[in-house]
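K.L.:
Take a look at the following structure, please.
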Protein chains: 2
Amino acid sequence: MSEKAPSPPYELYYWPTIQGRGELVRLALEDVGAPYVDVARIQGANAIASVLAGEAGGGRHFAVPVLKAGDVVLGQTACILDFLATRHEQLLPDQEPATRHRALELQLTVADLVAEAHDTHHPIAVGAYFEEQKEESKKRAAAFLKERMPKFLGFFESVLRDNEASKKEHLVGAGFSYVDLSAFQVLSGLAYAFPNAFAAYRKEIPLLIALRDRVASRPRVAAYLGSTRRVPFSEDGIFRHYPELDAE
Amino acid sequence: MSEKAPSPPYELYYWPTIQGRGELVRLALEDVGAPYVDVARIQGANAIASVLAGEAGGGRHFAVPVLKAGDVVLGQTACILDFLATRHEQLLPDQEPATRHRALELQLTVADLVAEAHDTHHPIAVGAYFEEQKEESKKRAAAFLKERMPKFLGFFESVLRDNEASKKEHLVGAGFSYVDLSAFQVLSGLAYAFPNAFAAYRKEIPLLIALRDRVASRPRVAAYLGSTRRVPFSEDGIFRHYPELDAE
């Protein structure tokens, strides 16, 4: 379970112009300083169709991100992160099965929050434009900001508050893990998409805000965020700023 | 990773009157013949609040299902199934890391399909009634049946078709796994919720239909399905039959 990283660089397959779910993998690769190629940025988006069809190995994959690590080719963000954590102990220093499963549980809860944040601008059809479902989006975003965002973030705040072993500084175990990185990304995305609602709510989640800021100042994360490798947030990604969906 | 199952029975925490996501765990426990207590059926739904608050151990959990196995207490369906597969090899005979991750990847794709099937009747707010979002549900269900259900089921059909090692009979590796059980449940749920649309589409997925029927005839699964432990499908669960959402 603790093989060394392969000598060829990782190949990440994800949409080249958005952060999206792929950003959770990019952040993990950047934080450990692993060599990787963001394939579709070099080869174009055709590379994505090829990897989904299984042509890079590992069988077919439903969606990107997909990570190729030598013979292992995997999709699903949380699955990729669990895999990376077996190779880079910095992403999860405690590799006991119970801790690995706890990290996976919390990462899957992050994934649920990401999916609901996405659906604020696509409540009806993922294949249609926002403008075609704007009225429904206003309703869904209102429910998300009133009920779901506080429920999810309140949950993670409580997890931090309970985690005395980490001095309330980390989500899993006694120290940093990939789940902290993903929490940083989701908090950044929500602040981008819903600046008014997030500003009004952030006083309820001081431990999460502190976690976000600590992650942002990790040396490799800070270098990445300041580089051209970090794609900006935009209205093509998961976290989109549409003023009509934010609180007033 | 291959500890024996604990001598006390597993404790499953899930809503007692619906199949929901908990059914994917119930099916796994039933198929291996593991002793388990479906706690909220005995103690009532208050037991769920308690386990979510972390009072049964393992920290807080965002939602049920939650499984307690001695000292290990875990939420998130796919995480629970990955955990059970480390204890019951029948659920995933090949415990090589690459196979475990492939199973997790496909299980998470099942989870994505389950979430989208749920949102056909709750496209706006999970905390509101279907009747309050019926018009939006009609639109979302139409998009689901036209685009998403065929995309997901077509994907799994292709995975079966490619899997020569299993004679096109199983989703992961050469033989049966917990992912097959979950595929059975989702196919059953879609056929219940959307009988017209599913009947029109099923000719496109002969390998999946055959898989569903084989799983249903596994001795312990068949015994479970015929027992009072199997809660019926209903309009309180994830897969709901509302005629106005089905194809005509």
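In the structure tokens, chains take the letters A, B, ... in the order shown, each chain's residues start at 1, and ligands count up from 1 in the order shown.
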Applying 9 Å and only C-alpha atoms, which residues near stretch 234-241 of chain A remain after dropping the ones on its own chain fewer than 6 positions away? List them as a list in words.
P.N.:
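Counting only C-alpha atoms, the residues come to Thr17, Ile18, Gln19, Gly20, Arg21, Val114, Ala115, Ala117, His118, Asp119, His121, Val186, Gly189, Leu190, Ala191, Tyr192, Ala193, Phe194 and Pro195 of chain A.
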K.L.:
Using only C-alpha atoms and a cut-off of 9 Å, which residues of chain A sit close to chain B? Please list them as a PyMOL selection string.
P.N.:
chain A and resi 1+58-63+72-80+82-83+97-98+101-102+104-106+108-109+119-120+123-127+136-137+139-144+147-148+151-152+155-156+158-159+162-163
K.L.:
Out of A:Leu91, A:Leu27, A:Leu12, A:Ala199, which residue has the shortest atom-to-atom distance to A:Ala56 when counting only C-alpha atoms?
P.N.:
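That would be A:Leu12, the residue with the smallest distance to A:Ala56.
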K.L.:
Would you return as a count of residues only the members of stretch 8-129 of chain A that DSSP assigns to alpha helix (DSSP H) on this structure's backbone?
P.N.:
57
K.L.:
When DSSP works through the backbone of this structure, what residues of stretch 70-162 of chain B end up as strand (DSSP E or B), shown as number ranges by chain?
P.N.:
B: 72-75
K.L.:
Create the file for the chosen residues now, containing C-alpha atoms and written as a short mmCIF file (atom, residue, chain, number, x, y, z; two decimals), in the first residue's frame.
P.N.:
```cif
data_model
loop_
_atom_site.label_atom_id
_atom_site.label_comp_id
_atom_site.auth_asym_id
_atom_site.auth_seq_id
_atom_site.Cartn_x
_atom_site.Cartn_y
_atom_site.Cartn_z
CA VAL B 72 -15.27 1.45 13.63
CA VAL B 73 -18.23 3.72 12.88
CA LEU B 74 -18.53 4.98 9.32
CA GLY B 75 -20.88 6.97 7.14
#
```
K.L.:
With distances taken over only C-alpha atoms, which of A:Ile42, A:Val51, A:Val231, A:Leu81 is nearest to A:Ser182?
P.N.:
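Closest residue, counting only C-alpha atoms: A:Leu81.
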K.L.:
Name the closest residue to A:Lys168 among the candidates A:Leu208, A:Asn46, A:Met149, A:Pro35; distances are taken between atoms, counting only C-alpha atoms.
P.N.:
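Nearest candidate to A:Lys168 out of A:Leu208, A:Asn46, A:Met149, A:Pro35: A:Leu208.
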K.L.:
Enter the distance from atom CA of B:Ala47 to atom CA of B:Val221, in Å, rounded to one decimal.
P.N.:
26.7 Å
K.L.:
So, with only C-alpha atoms as the atoms that count, which of A:Leu153, A:Ala247, A:Ala28, A:Tyr129 lies closest to A:Glu204?
P.N.:
A:Leu153
K.L.:
Quote the spacing between atom CA of B:Gly22 and atom CA of B:Val64 in Å to one decimal place.
P.N.:
7.3 Å
K.L.:
Atom CA of B:Pro9 and atom CA of B:Val37 are how many Å apart?
P.N.:
6.6 Å
